[in-house]
Amino acid sequence: MSEPKPRSEFRRMMRKLLRNPSAILGFSLLAFFVLVAIFAPYIAEPVNPQMLDENGKPMRLDNPYIMPVITWSSEPIPPSKEHPFGMIQGRDIFYGVVWGTRTAFYIGLTVTLISTAVGIVIGSISGYYGGWIDEILMRITDVFLSIPFLLAAMVLTTILGNGLDKVMIAMVVFGWMGAARLIRANILQVKEEQFVLAAKALGIKDFFIILRHILPNTIFPVLIQASMRMGSLVITAAGLSFLGLGAPLGYADWGSMLNFTRNWILGTSGSSMTYWYAVFYPGMAMVLFVLAWNLVGDALRDVFDPRLK
Amino acid sequence: MTTFIIRRLLLLPIIVLGVSLIIFSLFQILGPNRLLASYVNPNVFDKLSEAELDALMEKYGLKDPFVQRYWKWLVNALQGDLGWSQVGKEPVLKAILGRFPYTLELALYALFPVVGVGIWLGVKAAVKRDKFLDHFIRIVAIIGWSFPDFVFGLLVLMIFYSVLGWFPPGNLSLWAEQIVKSPNYLKVTHLLTIDALINGRFDIFLDALRHIVGPVITLSFLWWAYLLRITRSSMLEVLSKEYVRTARAKGVPERDVIHKHAKRNAMIPVVTVAGAMVIGLLSGTVIIEVIFNRTGIGQLAARAAVELDYATVLGTTLFYSIILVLGNLIIDILYAVFDPRVRLS
């Protein structure tokens, strides 16, 4: 009972976090991916070995995210010394996996940040003002929640004309509802607390009350939810690329690399495992990336939300 | 409770209206020219002159103002005419209803392993809390949760079809398909396996089963982790209750404490999640049906979305949203039935 009180809540949380083996695994995986993304140009040099400049050195790529075509044979080539993960459609799988890390972070972070921000704005307005504004905004939220996410994203992406940016727009348009609902529920709780009433009594503007007093007190669950959504967002984006809607052919993106493999894994019966590397490496990269975010999100939730054990 | 149900049912048309309005407006981004393309045979479309294009746009009412066109669609839809499905090569409503049984069958079969394994392991993990078994189960679950459905589906297809040759993609083998399509084959439930049994064709039953195993493995692998997590946390909460302690104190065997006293109450939130899961399973089949080449509603929707067949897209999306709203209503009612503490208002 008479446990000495830790000096700060934050430090206690951190200690708890570091004692959790799955949290450590998650953060290490995430750190690994961050390093790969940062040092991508050194791990997989963005050059085209087929094209030499006047000094006889391979030319640098204009856009490192377009995987260079190294051979014109489209059949997968098994892993070798120069191409440790093998090749598919004339492109080096290792190169695609490394640069695909950047793509995954780019998609995941952008979509999560923007859709969470949209959700926060809508949820705050709805929760703080209540009344008919709340009623209208929440019914709109209900409507958006009644459309299957993947299907809606597919439709909007196709309408906008395919491509990674279109996928991201579509995922934001149909992905803000979770954050909106969460922040609204939290605001309804905090709204009646003394410190908010005090701020109101002092005549502080609504905007500042929400921004300075309410949001800091409700933001944590939203952040946890966002980190847990990262994984599923990356999966959805990859799924769209896999269906041929997202990243263009040859883009360093795990989903569209797997799209290449569709023709090969079933084509040759009897010897189908010959091309295992074409599925295994991009697939593994994706699973580990999503796993990292899920572990981190799970650990954060365990630590910061003691109701859910 | 009755007022609650009525109010929610009144909300249904509003939501369906909202959904159709959103999807309908999305398609307006395309402009009349692109919209026209979904009415006309693409080979002919390229050869048409400006004037002919104009005339066709006039004919299909593509130049009318937005409200007028939406109204026209709505009136037709209310009469059960959702338009012609380019992808399905039949009226949209017929295409949806004809394909839905395949999706339903897949979701129903997936429910068994998901519920069985999810609850069983969830209870196990809660009982052995923070022991090795608990950590192990949770790690496996979170790995399962992290698998993109199409990656896992590809692996299943590779191993069980290409290598082992056990579970082929598709709905049925060619010979079985021919029998099923013949006029004297009874179609009672439209579920392939059940109908096969009704017709007394055990060979077709086995064939249908062989085709459904792959997608079922894929679908259930993605969902049991979810149920496990809910079961585990619900079980942990119940196990810390006073009445469980009382039961233990008066010497009830641990087995009975867990399975008779604790598990029953722990199942309340699980029931509601299982309902949400059926909805998730139904709408989660899109990519899986594409990979395993099953002609369910998910595949129809996916193809329609890719080919911008907007009558079909509207139809399938509305169908999904109706399932979603009705499903959620049923879950809420079940929740109140199972847990008398919940008051619906």
# chains A, B, ... in the order shown; residues from 1 in each chain; ligands from 1
>>> interface_residues(of="chain B", to="chain A", cutoff="7 Å", atoms="only C-alpha atoms", output="PyMOL selection string")
chain B and resi 15+18-19+26-27+30+143+146-148+150-151+158+162-163+233+283+302+305-306+317+320-321+324-325
>>> select_by_dssp(residues="segment 75-237 of chain A", states="helix (DSSP H, G or I)", output="JSON, numbers by chain")
{"A": [93, 94, 95, 96, 97, 98, 99, 100, 101, 102, 103, 104, 105, 106, 107, 108, 109, 110, 111, 112, 113, 114, 115, 116, 117, 118, 119, 120, 121, 122, 123, 124, 125, 126, 127, 128, 129, 131, 132, 133, 134, 135, 136, 137, 138, 139, 140, 141, 142, 143, 144, 145, 149, 150, 151, 152, 153, 154, 155, 156, 157, 158, 159, 160, 164, 165, 166, 167, 168, 169, 170, 171, 172, 173, 177, 178, 179, 180, 181, 182, 183, 184, 185, 186, 187, 188, 189, 190, 194, 195, 196, 197, 198, 199, 200, 201, 206, 207, 208, 209, 210, 211, 212, 213, 214, 215, 216, 217, 218, 219, 220, 221, 222, 223, 224, 225, 226, 227, 228, 229, 230, 231, 232, 233, 234, 235, 236, 237]}
>>> residues_around(residues="Val244 of chain B", least_positions_apart="6", cutoff="9 Å", atoms="only C-alpha atoms", output="CSV table (one decimal) with C-alpha atoms, in the first residue's frame")
chain,number,residue,atom,x,y,z
B,238,VAL,CA,-15.1,-10.9,-15.0
B,257,VAL,CA,-15.4,-21.3,-11.7
B,258,ILE,CA,-14.0,-20.6,-15.2
B,261,HIS,CA,-19.4,-18.8,-13.4
B,262,ALA,CA,-17.0,-16.6,-15.3
>>> atom_distance(atom1="atom CA of Ile6 of chain B", atom2="atom CA of Leu326 of chain B")
12.0 Å
>>> residues_around(residues="Pro215 of chain B", least_positions_apart="3", cutoff="8 Å", atoms="only C-alpha atoms", output="MDAnalysis selection string")
chainID B and resid 106 153 212 218:219 288:289 292
>>> write_last_selection(atoms="N, CA and C atoms", output="compact mmCIF listing (two decimals), in the first residue's frame")
# COMPACT_ATOMS: atom_id res chain seq x y z
N LEU B 106 -19.51 -18.13 -47.56
CA LEU B 106 -18.12 -17.96 -47.14
C LEU B 106 -18.04 -17.39 -45.73
N GLY B 153 -3.75 -14.65 -48.39
CA GLY B 153 -4.50 -15.39 -49.41
C GLY B 153 -3.57 -15.96 -50.48
N ILE B 212 -14.15 -23.98 -50.94
CA ILE B 212 -14.38 -22.90 -49.98
C ILE B 212 -13.33 -22.88 -48.87
N THR B 218 -8.28 -18.13 -45.04
CA THR B 218 -7.77 -16.77 -45.12
C THR B 218 -8.61 -15.81 -44.29
N LEU B 219 -9.91 -15.90 -44.49
CA LEU B 219 -10.81 -14.97 -43.82
C LEU B 219 -10.77 -15.16 -42.31
N ILE B 288 -10.49 -11.10 -50.92
CA ILE B 288 -10.39 -12.56 -50.86
C ILE B 288 -11.13 -13.20 -52.02
N GLU B 289 -12.30 -12.65 -52.35
CA GLU B 289 -13.04 -13.20 -53.48
C GLU B 289 -12.32 -12.96 -54.79
N PHE B 292 -9.34 -15.60 -54.78
CA PHE B 292 -9.77 -16.98 -54.95
C PHE B 292 -10.79 -17.14 -56.07
>>> closest_residue(among="A:Ser73, A:Ser241, A:Asn20, A:Ser126", to="Asn259 of chain A", atoms="only C-alpha atoms")
A:Ser241
>>> closest_residue(among="A:Gln194, A:Thr112, A:Gln225, A:Thr218", to="Val172 of chain A", atoms="only C-alpha atoms")
A:Thr112
>>> closest_residue(among="A:Ile114, A:Ala31, A:Ile24, A:Ile88", to="Ile169 of chain A", atoms="only C-alpha atoms")
A:Ile114
>>> residues_around(residues="Ile209 of chain A", least_positions_apart="3", cutoff="10 Å", atoms="only C-alpha atoms", output="ChimeraX atom specification")
/A:128,191,195-197,199-200,203-206,212-215
>>> closest_residue(among="B:Pro13, B:Pro269, B:Gly116, B:Pro32", to="Lys63 of chain B", atoms="only C-alpha atoms")
B:Pro32
>>> residues_around(residues="Leu239 of chain B", least_positions_apart="2", cutoff="9 Å", atoms="only C-alpha atoms", output="list in words")
Ala126, Val127, Ser234, Met235, Leu236, Glu237, Lys241, Glu242, Tyr243, Val244, Arg245, Val257, Ile258, Ala262, Lys263 and Ala266 of chain B
>>> residues_around(residues="segment 59-70 of chain A", least_positions_apart="4", cutoff="8 Å", atoms="only C-alpha atoms", output="PDB file with N, CA and C atoms, in the first residue's frame")
ATOM      1  N   PRO A  46      20.338   4.348 -55.701  1.00  0.00           N
ATOM      2  CA  PRO A  46      19.394   4.599 -56.791  1.00  0.00           C
ATOM      3  C   PRO A  46      20.097   4.844 -58.124  1.00  0.00           C
ATOM      4  N   VAL A  47      20.702   3.790 -58.652  1.00  0.00           N
ATOM      5  CA  VAL A  47      21.368   3.930 -59.950  1.00  0.00           C
ATOM      6  C   VAL A  47      20.828   2.872 -60.898  1.00  0.00           C
ATOM      7  N   ASN A  48      20.974   3.118 -62.167  1.00  0.00           N
ATOM      8  CA  ASN A  48      20.581   2.124 -63.149  1.00  0.00           C
ATOM      9  C   ASN A  48      21.837   1.499 -63.741  1.00  0.00           C
ATOM     10  N   PRO A  49      22.129   0.244 -63.366  1.00  0.00           N
ATOM     11  CA  PRO A  49      23.379  -0.379 -63.824  1.00  0.00           C
ATOM     12  C   PRO A  49      23.417  -0.573 -65.340  1.00  0.00           C
ATOM     13  N   GLN A  50      22.271  -0.455 -66.001  1.00  0.00           N
ATOM     14  CA  GLN A  50      22.228  -0.661 -67.450  1.00  0.00           C
ATOM     15  C   GLN A  50      22.717   0.571 -68.201  1.00  0.00           C
ATOM     16  N   MET A  51      22.645   1.730 -67.536  1.00  0.00           N
ATOM     17  CA  MET A  51      22.997   2.964 -68.249  1.00  0.00           C
ATOM     18  C   MET A  51      24.226   3.587 -67.598  1.00  0.00           C
ATOM     19  N   LEU A  52      25.250   3.793 -68.388  1.00  0.00           N
ATOM     20  CA  LEU A  52      26.479   4.349 -67.854  1.00  0.00           C
ATOM     21  C   LEU A  52      26.635   5.793 -68.316  1.00  0.00           C
ATOM     22  N   ASP A  53      27.194   6.642 -67.445  1.00  0.00           N
ATOM     23  CA  ASP A  53      27.456   8.017 -67.875  1.00  0.00           C
ATOM     24  C   ASP A  53      28.841   8.089 -68.529  1.00  0.00           C
ATOM     25  N   GLN A  89       9.910  -9.189 -63.036  1.00  0.00           N
ATOM     26  CA  GLN A  89       9.576  -8.232 -64.097  1.00  0.00           C
ATOM     27  C   GLN A  89      10.814  -7.374 -64.426  1.00  0.00           C
ATOM     28  N   GLY A  90      12.003  -8.000 -64.353  1.00  0.00           N
ATOM     29  CA  GLY A  90      13.231  -7.290 -64.679  1.00  0.00           C
ATOM     30  C   GLY A  90      13.687  -6.313 -63.627  1.00  0.00           C
ATOM     31  N   ARG A  91      13.034  -6.315 -62.455  1.00  0.00           N
ATOM     32  CA  ARG A  91      13.386  -5.344 -61.423  1.00  0.00           C
ATOM     33  C   ARG A  91      13.901  -6.055 -60.175  1.00  0.00           C
ATOM     34  N   ASP A  92      14.821  -5.389 -59.476  1.00  0.00           N
ATOM     35  CA  ASP A  92      15.446  -5.962 -58.287  1.00  0.00           C
ATOM     36  C   ASP A  92      14.472  -5.874 -57.103  1.00  0.00           C
ATOM     37  N   TYR A  95      15.767  -3.843 -54.029  1.00  0.00           N
ATOM     38  CA  TYR A  95      15.627  -2.398 -54.227  1.00  0.00           C
ATOM     39  C   TYR A  95      14.203  -1.944 -53.908  1.00  0.00           C
ATOM     40  N   GLY A  96      13.240  -2.680 -54.423  1.00  0.00           N
ATOM     41  CA  GLY A  96      11.843  -2.319 -54.213  1.00  0.00           C
ATOM     42  C   GLY A  96      11.439  -2.399 -52.757  1.00  0.00           C
ATOM     43  N   TRP A  99      13.170   0.719 -50.871  1.00  0.00           N
ATOM     44  CA  TRP A  99      12.535   2.008 -51.161  1.00  0.00           C
ATOM     45  C   TRP A  99      11.049   1.980 -50.857  1.00  0.00           C
ATOM     46  N   GLY A 100      10.465   0.791 -50.884  1.00  0.00           N
ATOM     47  CA  GLY A 100       9.062   0.650 -50.514  1.00  0.00           C
ATOM     48  C   GLY A 100       8.814   1.037 -49.064  1.00  0.00           C
ATOM     49  N   GLY A 250       5.773  -0.753 -61.420  1.00  0.00           N
ATOM     50  CA  GLY A 250       7.191  -0.481 -61.303  1.00  0.00           C
ATOM     51  C   GLY A 250       7.537   0.508 -60.225  1.00  0.00           C
ATOM     52  N   TYR A 251       6.532   1.034 -59.523  1.00  0.00           N
ATOM     53  CA  TYR A 251       6.792   1.942 -58.418  1.00  0.00           C
ATOM     54  C   TYR A 251       7.281   1.125 -57.220  1.00  0.00           C
ATOM     55  N   ALA A 252       8.197   1.716 -56.452  1.00  0.00           N
ATOM     56  CA  ALA A 252       8.719   0.994 -55.291  1.00  0.00           C
ATOM     57  C   ALA A 252       7.653   0.978 -54.201  1.00  0.00           C
TER      58      ALA A 252
END
